[in-house]
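Engineer: For reference, the file work-v3.pdb (PDB, C-alpha atoms) is included below:
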```pdb
MODEL        1
ATOM      1  CA  MET A 266     -23.247  12.346   9.724
ATOM      2  CA  THR A 267     -22.916   8.656   8.936
ATOM      3  CA  PHE A 268     -21.397   9.602   5.575
ATOM      4  CA  VAL A 269     -18.877  11.976   7.203
ATOM      5  CA  ARG A 270     -17.913   9.341   9.749
ATOM      6  CA  GLY A 271     -17.599   6.710   7.024
ATOM      7  CA  PHE A 272     -15.530   9.072   4.870
ATOM      8  CA  GLY A 273     -13.206   9.827   7.790
ATOM      9  CA  GLN A 274     -12.922   6.145   8.673
ATOM     10  CA  PHE A 275     -12.081   5.302   5.072
ATOM     11  CA  TRP A 276      -9.165   7.757   4.944
ATOM     12  CA  TYR A 277      -7.985   6.769   8.418
ATOM     13  CA  ASP A 278      -7.867   3.115   7.341
ATOM     14  CA  PHE A 279      -6.254   4.101   4.063
ATOM     15  CA  ILE A 280      -3.445   6.257   5.429
ATOM     16  CA  ILE A 281      -2.953   5.199   9.031
ATOM     17  CA  GLY A 282      -3.833   1.517   8.570
ATOM     18  CA  ASP A 283      -3.179  -0.993  11.326
ATOM     19  CA  ASP A 284      -0.359   0.849  13.042
ATOM     20  CA  TRP A 285      -0.559   4.614  13.556
ATOM     21  CA  LYS A 286       3.011   4.673  14.873
ATOM     22  CA  ILE A 287       4.484   4.202  11.390
ATOM     23  CA  ALA A 288       2.546   7.150   9.948
ATOM     24  CA  PHE A 289       3.415   9.262  12.999
ATOM     25  CA  ALA A 290       7.133   8.400  12.853
ATOM     26  CA  ILE A 291       7.331   9.139   9.125
ATOM     27  CA  ALA A 292       5.389  12.402   9.482
ATOM     28  CA  LEU A 293       7.657  13.530  12.330
ATOM     29  CA  THR A 294      10.781  12.692  10.331
ATOM     30  CA  ILE A 295       9.449  14.609   7.315
ATOM     31  CA  VAL A 296       8.747  17.663   9.500
ATOM     32  CA  ILE A 297      12.305  17.540  10.847
ATOM     33  CA  GLY A 298      13.589  17.109   7.278
ATOM     34  CA  ALA A 299      11.557  20.125   6.174
ATOM     35  CA  VAL A 300      13.162  22.274   8.879
ATOM     36  CA  VAL A 301      16.636  21.043   7.933
ATOM     37  CA  ALA A 302      16.011  21.617   4.225
ATOM     38  CA  SER A 303      14.719  25.137   4.846
ATOM     39  CA  VAL A 304      17.942  26.216   6.594
ATOM     40  CA  ALA A 305      20.455  24.192   4.537
ATOM     41  CA  ALA A 306      22.213  25.415   1.418
ATOM     42  CA  THR A 307      20.386  24.595  -1.813
ATOM     43  CA  ASP A 308      23.334  22.505  -3.046
ATOM     44  CA  ALA A 309      23.730  20.519   0.202
ATOM     45  CA  GLY A 310      24.212  16.997  -1.160
ATOM     46  CA  TRP A 311      24.203  15.369   2.267
ATOM     47  CA  ILE A 312      20.505  15.975   2.949
ATOM     48  CA  ALA A 313      19.201  13.132   0.762
ATOM     49  CA  PRO A 314      21.265  10.247   2.201
ATOM     50  CA  VAL A 315      20.878  11.523   5.764
ATOM     51  CA  MET A 316      17.109  11.762   5.343
ATOM     52  CA  GLY A 317      17.014   8.279   3.801
ATOM     53  CA  VAL A 318      18.727   6.870   6.869
ATOM     54  CA  ALA A 319      16.475   8.923   9.168
ATOM     55  CA  LEU A 320      13.337   7.483   7.546
ATOM     56  CA  ALA A 321      14.686   3.946   7.981
ATOM     57  CA  VAL A 322      15.503   4.640  11.635
ATOM     58  CA  ALA A 323      11.989   6.018  12.162
ATOM     59  CA  PHE A 324      10.540   2.777  10.790
ATOM     60  CA  VAL A 325      12.752   0.611  13.023
ATOM     61  CA  ILE A 326      11.770   2.607  16.120
ATOM     62  CA  SER A 327       8.039   2.464  15.353
ATOM     63  CA  LEU A 328       8.195  -1.278  14.677
ATOM     64  CA  THR A 329      10.183  -1.933  17.848
ATOM     65  CA  VAL A 330       7.682   0.026  19.943
ATOM     66  CA  ASP A 331       4.866  -1.895  18.224
ATOM     67  CA  VAL A 332       6.172  -5.393  19.022
ATOM     68  CA  ARG A 333       7.340  -4.519  22.544
ATOM     69  CA  ARG A 334       3.853  -3.262  23.425
ATOM     70  CA  GLY A 335       2.080  -5.963  21.457
TER      71      GLY A 335
ATOM     72  CA  MET B 138      12.895   7.320 -18.901
ATOM     73  CA  GLY B 139      15.438   4.522 -19.260
ATOM     74  CA  SER B 140      14.399   0.956 -19.961
ATOM     75  CA  SER B 141      15.357  -0.221 -16.454
ATOM     76  CA  ALA B 142      13.168   2.486 -14.924
ATOM     77  CA  THR B 143      10.371   1.537 -17.335
ATOM     78  CA  TRP B 144      10.531  -2.101 -16.289
ATOM     79  CA  GLY B 145      10.784  -1.107 -12.641
ATOM     80  CA  LEU B 146       7.675   1.030 -12.987
ATOM     81  CA  LEU B 147       5.765  -1.683 -14.831
ATOM     82  CA  THR B 148       6.788  -4.434 -12.419
ATOM     83  CA  ALA B 149       5.960  -2.402  -9.328
ATOM     84  CA  VAL B 150       2.548  -1.285 -10.584
ATOM     85  CA  PHE B 151       1.634  -4.714 -11.972
ATOM     86  CA  THR B 152       2.583  -6.584  -8.796
ATOM     87  CA  ALA B 153       0.994  -4.101  -6.402
ATOM     88  CA  SER B 154      -2.202  -4.027  -8.455
ATOM     89  CA  PHE B 155      -2.247  -7.816  -8.753
ATOM     90  CA  VAL B 156      -2.243  -8.234  -4.973
ATOM     91  CA  GLU B 157      -4.997  -5.644  -4.514
ATOM     92  CA  PHE B 158      -7.172  -7.226  -7.234
ATOM     93  CA  VAL B 159      -6.785 -10.696  -5.672
ATOM     94  CA  GLU B 160      -8.119  -9.324  -2.388
ATOM     95  CA  ALA B 161     -11.038  -7.562  -4.092
ATOM     96  CA  LEU B 162     -11.861 -10.722  -6.055
ATOM     97  CA  THR B 163     -12.065 -12.768  -2.847
ATOM     98  CA  ILE B 164     -14.678 -10.403  -1.407
ATOM     99  CA  VAL B 165     -16.803 -10.287  -4.576
ATOM    100  CA  LEU B 166     -16.651 -14.076  -5.001
ATOM    101  CA  ALA B 167     -17.761 -14.630  -1.409
ATOM    102  CA  MET B 168     -20.751 -12.306  -1.854
ATOM    103  CA  GLY B 169     -21.679 -13.711  -5.266
ATOM    104  CA  MET B 170     -21.437 -17.387  -4.331
ATOM    105  CA  THR B 171     -23.140 -17.008  -0.961
ATOM    106  CA  ARG B 172     -25.868 -14.450  -1.651
ATOM    107  CA  SER B 173     -26.415 -12.774  -5.019
ATOM    108  CA  TRP B 174     -24.189 -12.566  -8.093
ATOM    109  CA  ARG B 175     -26.346  -9.777  -9.528
ATOM    110  CA  SER B 176     -25.965  -7.590  -6.443
ATOM    111  CA  ALA B 177     -22.247  -8.375  -6.022
ATOM    112  CA  LEU B 178     -21.549  -7.469  -9.655
ATOM    113  CA  ALA B 179     -23.704  -4.320  -9.376
ATOM    114  CA  GLY B 180     -21.615  -3.258  -6.366
ATOM    115  CA  THR B 181     -18.430  -4.004  -8.305
ATOM    116  CA  GLY B 182     -19.625  -1.993 -11.308
ATOM    117  CA  MET B 183     -20.636   0.966  -9.161
ATOM    118  CA  ALA B 184     -17.233   0.898  -7.444
ATOM    119  CA  LEU B 185     -15.460   0.945 -10.827
ATOM    120  CA  VAL B 186     -17.509   3.984 -11.896
ATOM    121  CA  ALA B 187     -16.660   5.743  -8.606
ATOM    122  CA  LEU B 188     -12.993   4.836  -9.079
ATOM    123  CA  ALA B 189     -12.940   6.291 -12.597
ATOM    124  CA  ALA B 190     -14.390   9.563 -11.296
ATOM    125  CA  PHE B 191     -11.958   9.604  -8.379
ATOM    126  CA  THR B 192      -9.016   8.985 -10.714
ATOM    127  CA  ALA B 193     -10.020  11.800 -13.063
ATOM    128  CA  VAL B 194     -10.475  14.323 -10.246
ATOM    129  CA  ALA B 195      -7.372  13.309  -8.279
ATOM    130  CA  GLY B 196      -5.181  13.146 -11.381
ATOM    131  CA  TYR B 197      -6.284  16.561 -12.627
ATOM    132  CA  ALA B 198      -5.881  18.173  -9.214
ATOM    133  CA  LEU B 199      -2.415  16.703  -8.659
ATOM    134  CA  VAL B 200      -1.097  17.703 -12.076
ATOM    135  CA  ASN B 201      -2.524  21.215 -12.236
ATOM    136  CA  TRP B 202      -2.512  22.524  -8.690
ATOM    137  CA  LEU B 203       0.782  21.425  -7.161
ATOM    138  CA  PRO B 204       4.428  22.237  -7.989
ATOM    139  CA  ARG B 205       6.547  19.187  -8.819
ATOM    140  CA  SER B 206       8.435  19.093  -5.528
ATOM    141  CA  ALA B 207       5.220  19.387  -3.471
ATOM    142  CA  LEU B 208       3.718  16.595  -5.544
ATOM    143  CA  GLN B 209       6.759  14.412  -4.886
ATOM    144  CA  LEU B 210       6.578  15.116  -1.169
ATOM    145  CA  GLY B 211       2.860  14.369  -0.852
ATOM    146  CA  ILE B 212       2.656  11.263  -2.966
ATOM    147  CA  GLY B 213       6.064  10.051  -1.813
ATOM    148  CA  ALA B 214       4.867  10.213   1.785
ATOM    149  CA  LEU B 215       1.731   8.236   0.892
ATOM    150  CA  LEU B 216       3.746   5.585  -0.961
ATOM    151  CA  LEU B 217       6.244   5.349   1.870
ATOM    152  CA  VAL B 218       3.564   4.858   4.530
ATOM    153  CA  PHE B 219       1.765   2.223   2.379
ATOM    154  CA  GLY B 220       5.031   0.439   1.717
ATOM    155  CA  LEU B 221       6.117   0.435   5.352
ATOM    156  CA  GLN B 222       2.707  -0.880   6.444
ATOM    157  CA  TRP B 223       3.159  -3.766   4.013
ATOM    158  CA  LEU B 224       6.725  -4.344   5.190
ATOM    159  CA  ARG B 225       5.597  -4.295   8.828
ATOM    160  CA  LYS B 226       3.146  -7.119   8.109
ATOM    161  CA  ALA B 227       5.723  -9.018   6.066
ATOM    162  CA  ILE B 228       8.319  -8.740   8.840
ATOM    163  CA  LEU B 229       5.874  -9.803  11.565
ATOM    164  CA  ARG B 230       4.646 -12.736   9.447
ATOM    165  CA  SER B 231       8.130 -13.900   8.479
ATOM    166  CA  SER B 232       9.321 -13.730  12.081
ATOM    167  CA  GLY B 233       6.313 -15.754  13.302
ATOM    168  CA  LEU B 234       4.692 -12.919  15.245
ATOM    169  CA  LYS B 235       1.625 -12.698  13.014
ATOM    170  CA  ALA B 236      -0.454 -15.208  11.077
ATOM    171  CA  LEU B 237       0.240 -15.508   7.356
ATOM    172  CA  HIS B 238      -2.408 -13.952   5.153
ATOM    173  CA  ASP B 239      -4.617 -16.738   3.869
ATOM    174  CA  GLU B 240      -7.016 -15.965   1.020
ATOM    175  CA  ALA B 241      -8.982 -19.175   1.712
ATOM    176  CA  GLU B 242      -9.472 -18.148   5.356
ATOM    177  CA  GLU B 243     -10.484 -14.661   4.251
ATOM    178  CA  PHE B 244     -13.014 -16.201   1.858
ATOM    179  CA  ARG B 245     -14.489 -18.369   4.665
ATOM    180  CA  GLU B 246     -14.817 -15.336   6.953
ATOM    181  CA  GLN B 247     -16.570 -13.341   4.226
ATOM    182  CA  GLU B 248     -18.893 -16.275   3.512
ATOM    183  CA  GLU B 249     -19.763 -16.612   7.192
ATOM    184  CA  ALA B 250     -20.473 -12.886   7.482
ATOM    185  CA  ALA B 251     -22.643 -13.076   4.354
ATOM    186  CA  ARG B 252     -24.717 -15.928   5.805
ATOM    187  CA  ARG B 253     -25.271 -14.133   9.120
ATOM    188  CA  ALA B 254     -26.315 -10.843   7.511
ATOM    189  CA  GLY B 255     -29.973  -9.842   7.140
ATOM    190  CA  ASP B 256     -32.029  -9.929   3.944
ATOM    191  CA  GLU B 257     -32.527  -6.217   3.368
ATOM    192  CA  GLN B 258     -33.515  -5.414  -0.222
ATOM    193  CA  ARG B 259     -33.028  -1.986  -1.843
ATOM    194  CA  PHE B 260     -33.532  -1.033  -5.496
ATOM    195  CA  GLY B 261     -34.178  -4.686  -6.194
ATOM    196  CA  LEU B 262     -30.718  -5.665  -4.943
ATOM    197  CA  ASP B 263     -29.464  -7.703  -2.014
ATOM    198  CA  TRP B 264     -28.115  -4.679  -0.150
ATOM    199  CA  PHE B 265     -25.469  -6.520   1.913
ATOM    200  CA  SER B 266     -23.841  -8.052  -1.178
ATOM    201  CA  PHE B 267     -23.966  -4.741  -3.009
ATOM    202  CA  VAL B 268     -22.422  -2.679  -0.181
ATOM    203  CA  ILE B 269     -19.698  -5.171   0.748
ATOM    204  CA  SER B 270     -18.685  -5.661  -2.884
ATOM    205  CA  PHE B 271     -18.691  -1.903  -3.487
ATOM    206  CA  LYS B 272     -16.574  -1.172  -0.411
ATOM    207  CA  GLY B 273     -14.156  -4.007  -1.095
ATOM    208  CA  VAL B 274     -13.535  -3.090  -4.726
ATOM    209  CA  PHE B 275     -13.416   0.663  -4.059
ATOM    210  CA  LEU B 276     -11.024   0.404  -1.101
ATOM    211  CA  GLU B 277      -8.596  -1.915  -2.894
ATOM    212  CA  GLY B 278      -9.097   0.065  -6.112
ATOM    213  CA  VAL B 279      -8.189   3.411  -4.548
ATOM    214  CA  GLU B 280      -4.843   1.947  -3.538
ATOM    215  CA  VAL B 281      -4.291   0.837  -7.144
ATOM    216  CA  VAL B 282      -5.291   4.300  -8.403
ATOM    217  CA  PHE B 283      -2.844   5.998  -6.048
ATOM    218  CA  ILE B 284      -0.051   3.679  -7.106
ATOM    219  CA  VAL B 285      -0.804   4.242 -10.804
ATOM    220  CA  ILE B 286      -1.060   8.023 -10.451
ATOM    221  CA  THR B 287       2.024   8.417  -8.294
ATOM    222  CA  PHE B 288       4.304   6.049 -10.189
ATOM    223  CA  GLY B 289       2.955   7.224 -13.532
ATOM    224  CA  LEU B 290       3.266  10.952 -12.856
ATOM    225  CA  ASN B 291       6.731  10.720 -11.407
ATOM    226  CA  ALA B 292       7.973   8.532 -14.233
ATOM    227  CA  HIS B 293       6.138  10.739 -16.769
ATOM    228  CA  ASN B 294       4.340   7.679 -18.066
ATOM    229  CA  VAL B 295       0.838   7.346 -16.660
ATOM    230  CA  PRO B 296      -0.369   5.239 -19.636
ATOM    231  CA  LEU B 297       2.323   2.616 -18.939
ATOM    232  CA  ALA B 298       1.431   2.524 -15.239
ATOM    233  CA  ALA B 299      -2.276   2.285 -16.058
ATOM    234  CA  GLY B 300      -1.488  -0.475 -18.554
ATOM    235  CA  GLY B 301       0.365  -2.457 -15.878
ATOM    236  CA  ALA B 302      -2.586  -2.160 -13.491
ATOM    237  CA  ALA B 303      -5.094  -3.037 -16.217
ATOM    238  CA  ALA B 304      -3.093  -6.133 -17.172
ATOM    239  CA  ALA B 305      -3.054  -7.259 -13.542
ATOM    240  CA  GLY B 306      -6.808  -6.666 -13.261
ATOM    241  CA  ALA B 307      -7.513  -8.596 -16.452
ATOM    242  CA  ILE B 308      -5.430 -11.581 -15.356
ATOM    243  CA  VAL B 309      -7.019 -11.741 -11.886
ATOM    244  CA  LEU B 310     -10.526 -11.270 -13.304
ATOM    245  CA  GLY B 311      -9.921 -13.936 -15.949
ATOM    246  CA  ALA B 312      -8.520 -16.403 -13.436
ATOM    247  CA  GLY B 313     -11.421 -15.741 -11.064
ATOM    248  CA  ALA B 314     -13.993 -16.218 -13.811
ATOM    249  CA  ILE B 315     -12.410 -19.510 -14.919
ATOM    250  CA  LEU B 316     -11.691 -20.972 -11.486
ATOM    251  CA  HIS B 317     -14.737 -19.539  -9.710
ATOM    252  CA  ARG B 318     -12.887 -19.600  -6.415
ATOM    253  CA  PRO B 319     -10.341 -17.454  -4.542
ATOM    254  CA  LEU B 320      -6.796 -17.412  -5.914
ATOM    255  CA  THR B 321      -5.280 -19.218  -2.945
ATOM    256  CA  ARG B 322      -2.147 -20.330  -4.793
ATOM    257  CA  VAL B 323      -0.949 -16.811  -5.407
ATOM    258  CA  PRO B 324       2.117 -16.297  -3.165
ATOM    259  CA  GLU B 325       0.480 -13.214  -1.752
ATOM    260  CA  ASN B 326       2.713 -12.795   1.280
ATOM    261  CA  THR B 327       5.867 -12.948  -0.826
ATOM    262  CA  LEU B 328       4.415 -10.550  -3.400
ATOM    263  CA  LYS B 329       3.434  -8.124  -0.666
ATOM    264  CA  TYR B 330       6.951  -8.222   0.729
ATOM    265  CA  GLY B 331       8.429  -7.446  -2.687
ATOM    266  CA  VAL B 332       5.923  -4.679  -3.353
ATOM    267  CA  GLY B 333       6.531  -3.263   0.113
ATOM    268  CA  ILE B 334      10.249  -2.976  -0.706
ATOM    269  CA  MET B 335       9.451  -1.212  -4.001
ATOM    270  CA  LEU B 336       6.934   1.191  -2.455
ATOM    271  CA  ALA B 337       9.293   2.020   0.419
ATOM    272  CA  THR B 338      12.135   2.591  -2.053
ATOM    273  CA  PHE B 339      10.262   4.919  -4.392
ATOM    274  CA  GLY B 340       8.492   6.559  -1.438
ATOM    275  CA  THR B 341      11.816   7.363   0.253
ATOM    276  CA  PHE B 342      13.286   8.645  -3.007
ATOM    277  CA  TRP B 343      10.401  11.003  -3.742
ATOM    278  CA  VAL B 344       9.786  12.212  -0.191
ATOM    279  CA  VAL B 345      13.396  13.327   0.082
ATOM    280  CA  GLU B 346      13.393  14.951  -3.372
ATOM    281  CA  GLY B 347      10.142  16.699  -2.437
ATOM    282  CA  LEU B 348      11.712  18.311   0.630
ATOM    283  CA  GLY B 349      13.216  20.774  -1.835
ATOM    284  CA  VAL B 350       9.859  22.590  -1.741
ATOM    285  CA  PHE B 351      11.038  24.096   1.551
ATOM    286  CA  GLN B 352      14.248  25.497   0.044
ATOM    287  CA  ASN B 353      14.745  28.784  -1.776
ATOM    288  CA  GLY B 354      13.403  28.325  -5.283
ATOM    289  CA  GLY B 355      11.423  25.224  -4.322
ATOM    290  CA  ASP B 356      13.266  22.880  -6.702
ATOM    291  CA  SER B 357      13.471  19.164  -5.937
ATOM    292  CA  LEU B 358      16.460  17.962  -3.897
ATOM    293  CA  GLY B 359      18.920  15.687  -5.651
ATOM    294  CA  TRP B 360      20.186  12.242  -4.643
ATOM    295  CA  PRO B 361      23.862  11.341  -5.142
ATOM    296  CA  GLY B 362      23.964   9.454  -8.444
ATOM    297  CA  ASP B 363      20.386  10.523  -9.259
ATOM    298  CA  ASN B 364      18.278   7.493 -10.278
ATOM    299  CA  TRP B 365      21.141   5.075  -9.513
ATOM    300  CA  SER B 366      20.518   5.742  -5.832
ATOM    301  CA  LEU B 367      17.260   3.775  -6.244
ATOM    302  CA  LEU B 368      19.371   0.599  -6.391
ATOM    303  CA  ALA B 369      21.052   1.529  -3.117
ATOM    304  CA  LEU B 370      17.662   2.222  -1.558
ATOM    305  CA  ILE B 371      16.272  -1.152  -2.697
ATOM    306  CA  ALA B 372      19.315  -2.907  -1.241
ATOM    307  CA  GLY B 373      19.094  -0.871   1.946
ATOM    308  CA  TRP B 374      15.396  -1.608   2.594
ATOM    309  CA  PHE B 375      15.907  -5.288   1.735
ATOM    310  CA  LEU B 376      18.849  -5.695   4.113
ATOM    311  CA  LEU B 377      17.083  -3.768   6.871
ATOM    312  CA  THR B 378      13.963  -5.944   6.627
ATOM    313  CA  ARG B 379      16.038  -9.164   6.676
ATOM    314  CA  LEU B 380      17.790  -7.937   9.815
ATOM    315  CA  LEU B 381      14.465  -7.006  11.402
ATOM    316  CA  ILE B 382      12.965 -10.421  10.608
ATOM    317  CA  LYS B 383      15.883 -12.018  12.482
ATOM    318  CA  ALA B 384      15.717  -9.580  15.362
ATOM    319  CA  MET B 385      11.945  -9.276  15.841
ATOM    320  CA  PRO B 386      11.408 -12.251  18.201
ATOM    321  CA  THR B 387      14.201 -10.935  20.436
ATOM    322  CA  LEU B 388      12.876  -7.381  20.302
ATOM    323  CA  ALA B 389       9.411  -8.696  21.156
ATOM    324  CA  GLY B 390      10.853 -10.553  24.147
ATOM    325  CA  ARG B 391      10.187 -14.030  22.716
ATOM    326  CA  ASP B 392      12.412 -17.047  22.261
ATOM    327  CA  PRO B 393      13.472 -16.888  18.569
ATOM    328  CA  LYS B 394      13.253 -20.691  18.172
ATOM    329  CA  ALA B 395       9.798 -20.826  19.738
ATOM    330  CA  ALA B 396       8.621 -17.944  17.568
ATOM    331  CA  SER B 397       9.788 -19.655  14.391
ATOM    332  CA  LEU B 398       7.975 -22.875  15.309
ATOM    333  CA  ALA B 399       4.800 -21.364  16.689
ATOM    334  CA  THR B 400       1.687 -20.991  14.571
ATOM    335  CA  PRO B 401       0.076 -17.692  15.472
ATOM    336  CA  LYS B 402      -3.425 -18.323  16.795
ATOM    337  CA  VAL B 403      -4.991 -15.048  15.807
ATOM    338  CA  ALA B 404      -5.723 -14.507  12.136
ATOM    339  CA  GLU B 405      -5.539 -10.769  11.852
ATOM    340  CA  GLU B 406      -6.985  -8.367   9.360
ATOM    341  CA  ALA B 407      -7.359  -9.362   5.767
ATOM    342  CA  SER B 408      -5.250  -6.790   4.030
TER     343      SER B 408
ENDMDL
END
```
Please rewrite the model in this file as structure tokens.
Structural biologist:
Amino acid sequence: MTFVRGFGQFWYDFIIGDDWKIAFAIALTIVIGAVVASVAATDAGWIAPVMGVALAVAFVISLTVDVRRG
Amino acid sequence: MGSSATWGLLTAVFTASFVEFVEALTIVLAMGMTRSWRSALAGTGMALVALAAFTAVAGYALVNWLPRSALQLGIGALLLVFGLQWLRKAILRSSGLKALHDEAEEFREQEEAARRAGDEQRFGLDWFSFVISFKGVFLEGVEVVFIVITFGLNAHNVPLAAGGAAAAGAIVLGAGAILHRPLTRVPENTLKYGVGIMLATFGTFWVVEGLGVFQNGGDSLGWPGDNWSLLALIAGWFLLTRLLIKAMPTLAGRDPKAASLATPKVAEEAS
């Protein structure tokens, strides 16, 4: 049990790190991007730049929430 | 792969690995100098063996089990989250909202913890030194392994990525062996900021390409200008972080002048 807990803690520290909000915001944005990509045309060139901006916005929001609560 | 991409890959892997190795060295030095060199080095050796096994298994699984776009999505997401965590710290430190990372302070904290720990012996080793050294090297090493695998696989040049990481490890190890103290003069905060920009850039690029796995056919999505868009992404993340550094004190509800003058009282986590 100690090993399982330690293993879980290791991966939590590794992926989530100090601020879970960043991982959550990025994961949410990727899910939205997946939905958009699944319904968009395969040659839709606008998806990449729009998703790039969306990921940056997700980071700004998570960081703003972090410092306002901190 | 073009020469600019080759140098980008090498620089990113070398710098990221360098920072991770400096942090691992600090932990091992603290254990060795305070308690037992034999146990600290045994922990380091065991961690390197575990890392080699982890690398072989993870590398094989990634290459053989996943389609390219799924691989890009998974490892891109990991790189992006790592990179943004590093950028978060860099932004908070540069805007005065968080203490600068100090390898000397980290070394003192590790030394103090080593002195307070008990004297448990297992397998003829000082168990505290062994476990702390193992965990420190393995944790920092896994990050290096992920960076090497992800950058190497996506650039179709794992040997070059591994070479960059090995060179960084050799330099840090050599400097540590000669100096016998933590590498406090390494501009770690600046390096982490630069690496954070690189990881966020490549992470964004690959995550978005990997979203093609959800389209008919499952091929990777394309960026306008293909690899040239990496330059735009680097510029974009750099400009965004500079703006955030300026804006953070205001967003946090602090006086920007006071924040820039204040020395944060809490030294936060080591990484």
Engineer: Go through chain A and flag each residue having an atom no more than 6 Å from chain B; for those, report the closest pair of atoms plus their distance in Å to one decimal, using all atoms listed in the file, ordered by chain and rising number, as a tab-separated table.
Structural biologist:
```
residue	atom	partner	partner_atom	distance
A:Ala288	CA	B:Val218	CA	6.0
A:Ala299	CA	B:Leu348	CA	5.8
A:Ala302	CA	B:Gln352	CA	6.0
A:Ser303	CA	B:Gln352	CA	4.8
A:Ala313	CA	B:Trp360	CA	5.6
A:Val332	CA	B:Ala389	CA	5.1
A:Arg333	CA	B:Ala389	CA	4.9
```
Engineer: For B:His293, which residue out of B:Gly233, B:Ala369, B:Arg205, B:Met170 is the nearest one, using only C-alpha atoms?
Structural biologist: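 Among the listed residues, B:Arg205 lies closest to B:His293.
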Engineer: Which polymer residues have any atom within 10 Å of an atom of B:Thr148, counting only C-alpha atoms, with same-chain residues fewer than 6 positions away left out, as a PDB file with C-alpha atoms, in the frame of the given file?
Structural biologist:
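Final output, saved to selection07.pdb:
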```
ATOM      1  CA  ALA B 142      13.168   2.486 -14.924  1.00  0.00           C
ATOM      2  CA  SER B 154      -2.202  -4.027  -8.455  1.00  0.00           C
ATOM      3  CA  ALA B 298       1.431   2.524 -15.239  1.00  0.00           C
ATOM      4  CA  GLY B 301       0.365  -2.457 -15.878  1.00  0.00           C
ATOM      5  CA  ALA B 302      -2.586  -2.160 -13.491  1.00  0.00           C
ATOM      6  CA  VAL B 332       5.923  -4.679  -3.353  1.00  0.00           C
ATOM      7  CA  MET B 335       9.451  -1.212  -4.001  1.00  0.00           C
TER       8      MET B 335
END
```
Engineer: So, with all atoms listed in the file as the atoms that count, which of A:Ile280, A:Asp308, A:Leu320, A:Val330 lies closest to A:Leu293?
Structural biologist: A:Leu320
Engineer: May I ask for the distance between atom CA of B:Phe275 and atom CA of B:Gly145, given in Å to one decimal place?
Structural biologist: 25.7 Å
